[in-house]
$ cat protein.txt   # compact mmCIF, C-alpha atoms
# COMPACT_ATOMS: atom_id res chain seq x y z
CA MET A 9 -2.49 12.86 -19.16
CA TYR A 10 -3.37 9.15 -19.32
CA LYS A 11 -6.86 9.30 -20.83
CA ASP A 12 -7.40 6.41 -23.22
CA LEU A 13 -10.29 7.48 -25.43
CA ASN A 14 -10.24 4.12 -27.22
CA HIS A 15 -11.14 2.26 -24.03
CA GLU A 16 -14.55 1.96 -22.37
CA ASP A 17 -12.98 3.34 -19.20
CA ALA A 18 -10.90 6.31 -20.34
CA GLU A 19 -9.32 6.57 -16.88
CA HIS A 20 -8.20 2.94 -16.60
CA VAL A 21 -4.49 3.73 -17.09
CA GLU A 22 -4.67 6.53 -14.51
CA LYS A 23 -6.30 4.15 -12.04
CA LYS A 24 -3.63 1.49 -12.52
CA LEU A 25 -0.91 4.09 -12.02
CA ALA A 26 -2.63 5.37 -8.86
CA ASN A 27 -2.66 1.81 -7.53
CA LEU A 28 1.06 1.36 -8.24
CA GLU A 29 1.79 4.76 -6.67
CA GLY A 30 -0.05 3.70 -3.52
CA GLN A 31 1.94 0.47 -3.30
CA SER A 32 5.23 2.30 -3.87
CA SER A 33 4.44 5.03 -1.35
CA LYS A 34 3.93 2.35 1.30
CA VAL A 35 7.36 0.90 0.48
CA ILE A 36 8.91 4.36 0.78
CA ARG A 37 7.15 4.97 4.11
CA ASP A 38 8.46 1.64 5.39
CA ILE A 39 12.00 2.66 4.40
CA ILE A 40 11.66 6.02 6.13
CA GLU A 41 10.25 4.50 9.31
CA ALA A 42 13.01 1.88 9.44
CA SER A 43 15.68 4.55 8.92
CA LYS A 44 14.63 6.32 12.13
CA GLY A 45 15.86 3.58 14.41
CA LYS A 46 17.47 0.80 12.40
CA SER A 47 20.58 0.34 10.30
CA ASP A 48 18.78 -1.56 7.53
CA VAL A 49 15.39 -2.37 6.04
CA MET A 50 13.99 -5.57 4.56
CA LEU A 51 11.96 -5.44 1.36
CA LEU A 52 10.15 -8.28 -0.34
CA ARG A 53 10.88 -8.86 -4.01
CA LYS A 54 7.33 -7.77 -4.81
CA ASP A 55 7.84 -4.46 -2.97
CA LEU A 56 11.13 -3.88 -4.73
CA GLN A 57 9.61 -4.63 -8.14
CA ASP A 58 6.73 -2.23 -7.51
CA LEU A 59 9.14 0.52 -6.51
CA ARG A 60 11.44 0.02 -9.49
CA LYS A 61 8.54 -0.06 -11.95
CA PHE A 62 7.11 3.11 -10.40
CA LEU A 63 10.44 4.92 -10.69
CA PHE A 64 10.74 3.92 -14.34
CA ILE A 65 7.26 5.21 -15.17
CA MET A 66 7.91 8.46 -13.29
CA ASN A 67 10.91 8.95 -15.54
CA TYR A 68 9.02 7.88 -18.66
CA ARG A 69 6.18 10.32 -17.98
CA LYS A 70 8.49 13.34 -17.89
CA LEU A 71 7.46 16.22 -20.10
CA HIS A 72 10.29 15.78 -22.60
CA ARG A 73 9.45 12.08 -23.07
CA ARG A 74 5.74 12.79 -23.57
CA ASN A 75 6.53 15.60 -25.99
CA GLN A 76 8.87 13.32 -27.88
CA PHE A 77 5.93 11.10 -28.79
CA ALA A 78 3.30 13.84 -29.00
CA ASN A 79 5.40 15.93 -31.42
CA LYS A 80 7.33 13.12 -33.18
CA ILE A 81 10.70 14.36 -31.96
CA PHE A 82 12.77 11.40 -33.18
CA ASP A 83 15.78 10.98 -35.39
CA PRO A 84 14.85 9.44 -38.80
CA PRO A 85 15.82 5.82 -37.96
CA THR A 86 13.89 5.88 -34.67
CA LEU A 87 10.86 7.53 -36.27
CA ASN A 88 10.84 4.77 -38.86
CA MET A 89 10.88 2.17 -36.06
CA VAL A 90 8.02 3.93 -34.28
CA GLU A 91 5.92 4.10 -37.45
CA ASN A 92 6.49 0.41 -38.15
CA PHE A 93 5.43 -0.37 -34.58
CA MET A 94 2.27 1.69 -35.11
CA LYS A 95 1.39 -0.36 -38.18
CA GLU A 96 2.01 -3.63 -36.37
CA ARG A 97 -0.16 -2.62 -33.41
CA ASN A 98 -2.78 -0.69 -35.38
CA LEU A 99 -2.06 2.56 -33.56
CA GLN A 100 -3.12 5.85 -35.11
CA SER A 101 -0.62 8.26 -33.57
CA THR A 102 2.75 8.33 -31.86
CA ARG A 103 1.02 9.53 -28.69
CA GLU A 104 -0.92 6.26 -28.68
CA VAL A 105 2.44 4.47 -28.71
CA TRP A 106 3.48 6.30 -25.54
CA LEU A 107 0.16 5.60 -23.82
CA GLN A 108 0.21 1.93 -24.79
CA ASN A 109 3.76 1.64 -23.45
CA VAL A 110 2.65 3.05 -20.09
CA ARG A 111 -0.38 0.76 -19.96
CA GLU A 112 1.56 -2.37 -20.88
CA ILE A 113 4.34 -1.64 -18.38
CA LEU A 114 1.72 -1.20 -15.65
CA GLU A 115 -0.07 -4.43 -16.54
CA THR A 116 3.00 -6.61 -17.13
CA PRO A 117 4.94 -8.27 -14.29
CA HIS A 118 8.25 -6.49 -13.72
CA GLU A 119 10.48 -9.31 -14.94
CA ASP A 120 8.38 -9.84 -18.08
CA VAL A 121 8.40 -6.23 -19.30
CA PRO A 122 11.55 -6.63 -21.47
CA ASP A 123 9.85 -9.47 -23.39
CA ASN A 124 6.47 -7.84 -23.95
CA PRO A 125 6.17 -7.20 -27.74
CA ARG A 126 3.31 -4.74 -27.17
CA ILE A 127 5.87 -2.29 -25.76
CA PHE A 128 8.02 -0.34 -28.23
CA SER A 129 11.36 -2.15 -28.56
CA LEU A 130 13.65 0.73 -27.55
CA ASP A 131 11.63 1.37 -24.40
CA ARG A 132 11.67 -2.33 -23.57
CA SER A 133 15.44 -2.25 -23.97
CA ASP A 134 15.69 0.77 -21.67
CA TYR A 135 13.60 -1.00 -19.04
CA LYS A 136 15.78 -4.11 -19.31
CA THR A 137 18.96 -2.06 -18.92
CA ARG A 138 17.69 -0.50 -15.71
CA MET A 139 16.42 -3.85 -14.46
CA ILE A 140 19.75 -5.62 -14.97
CA ASP A 141 22.44 -2.93 -14.70
CA CYS A 142 20.93 -0.84 -11.90
CA PHE A 143 20.14 -1.63 -8.30
CA LEU A 144 18.70 0.18 -5.34
CA ALA A 145 20.94 1.78 -2.73
CA ILE A 146 19.67 3.84 0.19
CA TRP A 147 21.69 6.86 1.28
CA GLN A 148 21.14 8.97 4.38
CA ALA A 149 22.12 12.59 4.84
CA GLY A 150 23.83 13.62 8.07
CA GLU A 151 22.09 15.58 10.81
CA ASN A 152 23.24 18.91 9.37
CA ASP A 153 22.40 18.05 5.76
CA ASP A 154 19.22 17.73 3.75
CA PHE A 155 18.40 16.11 0.42
CA ARG A 156 16.47 18.33 -1.95
CA LYS A 157 13.01 17.05 -2.87
CA GLU A 158 11.25 18.11 -6.05
CA ILE A 159 7.68 17.47 -7.15
CA GLY A 160 7.76 15.76 -10.51
CA LEU A 161 11.42 14.85 -10.25
CA ASP A 162 12.58 11.27 -10.11
CA ALA A 163 15.26 9.39 -8.26
CA VAL A 164 18.94 9.76 -8.95
CA ARG A 165 20.08 6.61 -10.72
CA THR A 166 23.59 5.32 -10.24
CA VAL A 167 24.50 3.06 -13.14
CA ILE A 168 27.24 0.59 -12.44
CA GLY A 169 28.49 -1.78 -15.12
CA PRO A 170 31.19 -2.47 -17.70
CA GLY A 171 32.16 0.68 -19.54
CA ARG A 172 29.80 2.83 -17.47
CA HIS A 173 30.86 5.59 -15.12
CA SER A 174 28.95 7.64 -12.61
CA ILE A 175 29.80 10.79 -10.68
CA PHE A 176 28.78 8.71 -7.64
CA GLU A 177 30.88 5.64 -8.43
CA TYR A 178 33.19 6.20 -5.43
CA VAL A 179 30.29 6.61 -3.00
CA PRO A 180 29.36 3.45 -1.06
CA HIS A 181 26.37 1.69 -2.60
CA PRO A 182 26.37 -1.84 -1.18
CA PRO A 183 24.02 -4.35 -2.82
CA ALA A 184 21.21 -5.85 -0.80
CA THR A 185 21.63 -9.13 1.06
CA PRO A 186 19.16 -11.64 -0.42
CA GLU A 187 17.26 -14.39 1.35
CA TYR A 188 15.56 -16.69 -1.15
CA VAL A 189 12.45 -18.75 -0.47
CA ASN A 190 13.83 -21.40 -2.81
CA ASN A 191 17.44 -21.81 -1.65
CA VAL A 192 18.24 -24.80 -3.85
CA PHE A 193 20.39 -23.31 -6.58
CA ASP A 194 20.01 -25.77 -9.43
CA ASP A 195 18.10 -25.82 -12.71
CA SER A 196 14.81 -25.76 -10.81
CA PHE A 197 15.61 -22.47 -9.06
CA LYS A 198 12.99 -19.76 -9.51
CA THR A 199 12.68 -16.37 -7.91
CA GLN A 200 9.67 -15.81 -5.67
CA LEU A 201 7.72 -12.66 -4.84
CA ASP A 202 8.37 -13.43 -1.16
CA ASP A 203 12.17 -13.41 -1.56
CA LYS A 204 13.67 -10.99 0.96
CA PHE A 205 16.29 -8.30 0.38
CA THR A 206 17.96 -6.45 3.23
CA PHE A 207 19.27 -2.97 2.38
CA HIS A 208 21.74 -1.23 4.67
CA PHE A 209 21.39 2.51 5.17
CA VAL A 210 24.56 4.31 4.12
CA LYS A 211 25.24 7.70 5.69
CA ILE A 212 27.11 9.89 3.22
CA ASN A 213 29.20 12.99 3.83
CA SER A 214 28.16 16.59 3.17
CA ALA A 215 30.11 16.82 -0.08
CA THR A 216 28.17 13.88 -1.53
CA VAL A 217 24.84 15.27 -0.30
CA HIS A 218 25.59 18.54 -2.09
CA LEU A 219 26.56 16.63 -5.22
CA VAL A 220 23.28 14.68 -5.15
CA ASN A 221 21.37 17.93 -4.65
CA ALA A 222 23.29 19.54 -7.51
CA PHE A 223 22.48 16.60 -9.77
CA ILE A 224 18.77 16.84 -8.91
CA LEU A 225 18.67 20.60 -9.40
CA ASN A 226 20.38 20.23 -12.77
CA GLU A 227 17.65 17.82 -13.92
CA ALA A 228 14.83 20.09 -12.75
CA ASN A 229 12.10 21.42 -15.03
CA PRO A 230 11.02 25.09 -15.17
CA ASP A 231 7.89 24.21 -13.17
CA LEU A 232 10.07 23.01 -10.29
CA VAL A 233 8.54 22.99 -6.82
CA LEU A 234 11.10 22.82 -4.03
CA SER A 235 10.67 21.58 -0.50
CA TYR A 236 13.41 22.22 2.02
CA LEU A 237 14.15 22.22 5.73
CA SER A 238 15.41 25.79 5.91
CA PRO A 239 16.04 28.74 3.56
CA SER A 240 19.65 28.92 4.76
CA TYR A 241 20.39 25.34 3.73
CA LEU A 242 18.69 25.82 0.36
CA TYR A 243 20.85 28.90 -0.19
CA LYS A 244 23.98 26.89 0.62
CA THR A 245 22.78 24.14 -1.73
CA ILE A 246 22.46 26.58 -4.63
CA VAL A 247 25.90 28.05 -3.92
CA LYS A 248 27.37 24.54 -3.99
CA TYR A 249 25.40 23.78 -7.15
CA HIS A 250 27.07 26.58 -9.09
CA LYS A 251 30.45 25.25 -7.98
CA SER A 252 29.65 21.81 -9.44
CA ILE A 253 29.70 22.86 -13.09
CA ASN A 254 32.82 20.82 -13.86
CA LYS A 255 31.06 17.62 -12.80
CA LEU A 256 27.63 18.40 -14.25
CA GLY A 257 28.51 19.95 -17.59
CA GLU A 258 25.54 22.06 -18.68
CA ILE A 259 24.25 24.01 -15.71
CA GLN A 260 21.04 25.88 -14.99
CA ASP A 261 20.69 29.42 -13.71
CA PHE A 262 19.30 29.64 -10.18
CA SER A 263 20.68 33.14 -9.58
CA SER A 264 17.18 34.62 -9.20
CA MET A 265 16.26 32.08 -6.51
CA LYS A 266 19.62 32.65 -4.85
CA LYS A 267 19.02 36.41 -4.76
CA THR A 268 15.52 35.94 -3.31
CA LEU A 269 16.87 33.66 -0.58
CA PHE A 270 19.73 36.04 0.19
CA THR A 271 17.29 38.93 0.59
CA ALA A 272 14.95 36.89 2.78
CA LEU A 273 17.78 35.64 4.99
CA ASN A 274 19.23 39.12 5.48
CA LYS A 275 15.78 40.54 6.17
CA THR A 276 15.26 37.92 8.85
CA HIS A 277 18.67 38.72 10.31
CA LYS A 278 17.84 42.44 10.47
CA GLU A 279 14.47 41.71 12.08
CA ASP A 280 16.19 39.55 14.70
CA LEU A 281 18.64 42.33 15.51
CA SER A 282 15.81 44.85 15.78
CA LEU A 283 13.84 42.51 18.02
CA ARG A 284 16.81 41.96 20.30
CA LYS A 285 17.29 45.70 20.73
CA SER A 286 13.66 46.10 21.83
CA ILE A 287 13.92 43.50 24.62
CA PRO A 288 14.40 45.13 28.05
CA ARG A 289 17.86 44.41 29.39
CA GLY A 290 16.51 42.88 32.57
CA ARG A 291 14.71 40.20 30.56
CA THR A 292 17.67 38.91 28.60
CA ARG A 293 19.32 35.57 29.31
CA ILE A 294 23.04 34.89 29.24
CA TRP A 295 23.14 31.32 27.99
CA HIS A 296 26.65 30.50 29.21
CA GLU A 297 25.31 30.86 32.76
CA PHE A 298 22.44 28.46 32.07
CA LYS A 299 22.55 25.27 34.13
CA MET A 300 20.75 21.96 33.68
CA VAL A 301 18.92 20.67 36.73
CA THR A 302 18.07 16.99 36.93
CA VAL A 303 14.96 16.13 38.91
CA THR A 304 14.52 12.61 40.19
CA GLU A 305 11.23 11.16 41.33
CA SER A 306 11.09 10.03 44.96

$ encode --input "protein.txt" --output "structure tokens"
Amino acid sequence: MYKDLNHEDAEHVEKKLANLEGQSSKVIRDIIEASKGKSDVMLLRKDLQDLRKFLFIMNYRKLHRRNQFANKIFDPPTLNMVENFMKERNLQSTREVWLQNVREILETPHEDVPDNPRIFSLDRSDYKTRMIDCFLAIWQAGENDDFRKEIGLDAVRTVIGPGRHSIFEYVPHPPATPEYVNNVFDDSFKTQLDDKFTFHFVKINSATVHLVNAFILNEANPDLVLSYLSPSYLYKTIVKYHKSINKLGEIQDFSSMKKTLFTALNKTHKEDLSLRKSIPRGRTRIWHEFKMVTVTES
């Protein structure tokens, strides 16, 4: 996907992305570990920048974005801008524009990406919008809920700002608490990579979990790969998804998956009933008569 045939190392973009992915995966692991026993997690500015850049590129590498450049799927004014950019940068195809954008974003410090002229202007503007108008919030599902996880699918972005609305705008998304290395707020103030940001974990209700899952499912590609805790919860998620059409607008058809899950769940239920009938009566247990015994060491 990222082979640069005009470079002595055709895999150099892929290697840089792999490095960023490794850094971001460590940040995500740290968040997950902290969530198991703490109410918050502290991230350094550098960690946060790596994660945000990674999320942007994961969105930018989506099939429809790649195809947009590979097949010149632009409106006339935008195509004209792309072609002018190609002339300025001596690029031979629109695909090279996409690849150069990825490479430059990877090589440019997070805060400098919006000002890098080697990145196509509209994509720089998109990066700047996400950098300024968006912020990270960490939500937790309850014990009986589960967030859907899709391979190739990116994070749900909640955009908050003047004139912008989100279907999640009434869900708590508190900003991080900063701790700056340079705490003198005058003209000499500069951000540092070691600045600290503490994010509080926000546990959301089942209705919001289902809405997040519905949003993710609605953005899924045909080559979707689902991971889930249980078939029964995935079935419930799909049922809730089809009830969210008023909030999502255009909706996808997961009826085939729903039917497959329904069949599997009922088959399991029938097998359980059959198994219970084959157990000798003398070997059954009546759970309401079960008692806990506490053993203390002497």

$ atom_distance --input "protein.txt" --atom1 "atom CA of A:Arg138" --atom2 "atom CA of A:Lys211"
24.1 Å

$ residues_around --input "protein.txt" --residues "stretch 146-156 of chain A" --least-positions-apart "4" --cutoff "6 Å" --atoms "only C-alpha atoms" --output "PyMOL selection string"
chain A and resi 209-212+221

$ write_last_selection --input "protein.txt" --atoms "C-alpha atoms" --output "CSV table (one decimal), in the frame of the given file"
chain,number,residue,atom,x,y,z
A,209,PHE,CA,21.4,2.5,5.2
A,210,VAL,CA,24.6,4.3,4.1
A,211,LYS,CA,25.2,7.7,5.7
A,212,ILE,CA,27.1,9.9,3.2
A,221,ASN,CA,21.4,17.9,-4.6

$ closest_residue --input "protein.txt" --among "A:Phe223, A:Ala184, A:Arg53, A:Arg132" --to "A:Thr116" --atoms "only C-alpha atoms"
A:Arg132

$ residues_around --input "protein.txt" --residues "stretch 36-51 of chain A" --least-positions-apart "5" --cutoff "8 Å" --atoms "all atoms listed in the file" --output "list in words"
Leu56, Lys204, Phe205, Thr206, Phe207, His208 and Phe209 of chain A

$ residues_around --input "protein.txt" --residues "A:Pro122" --least-positions-apart "4" --cutoff "7 Å" --atoms "all atoms listed in the file" --output "PyMOL selection string"
chain A and resi 132-133+135-136

$ write_last_selection --input "protein.txt" --atoms "C-alpha atoms" --output "CSV table (one decimal), in the frame of the given file"
chain,number,residue,atom,x,y,z
A,132,ARG,CA,11.7,-2.3,-23.6
A,133,SER,CA,15.4,-2.2,-24.0
A,135,TYR,CA,13.6,-1.0,-19.0
A,136,LYS,CA,15.8,-4.1,-19.3

$ atom_distance --input "protein.txt" --atom1 "atom CA of A:Phe64" --atom2 "atom CA of A:Met139"
9.6 Å

$ atom_distance --input "protein.txt" --atom1 "atom CA of A:Phe128" --atom2 "atom CA of A:Leu52"
29.1 Å

$ axis_aligned_box --input "protein.txt" --around "stretch 132-144 of chain A" --padding-each-side "3 Å" --output "lines of an AutoDock Vina configuration file"
center_x = 17.1
center_y = -2.4
center_z = -14.7
size_x = 16.8
size_y = 12.4
size_z = 24.6
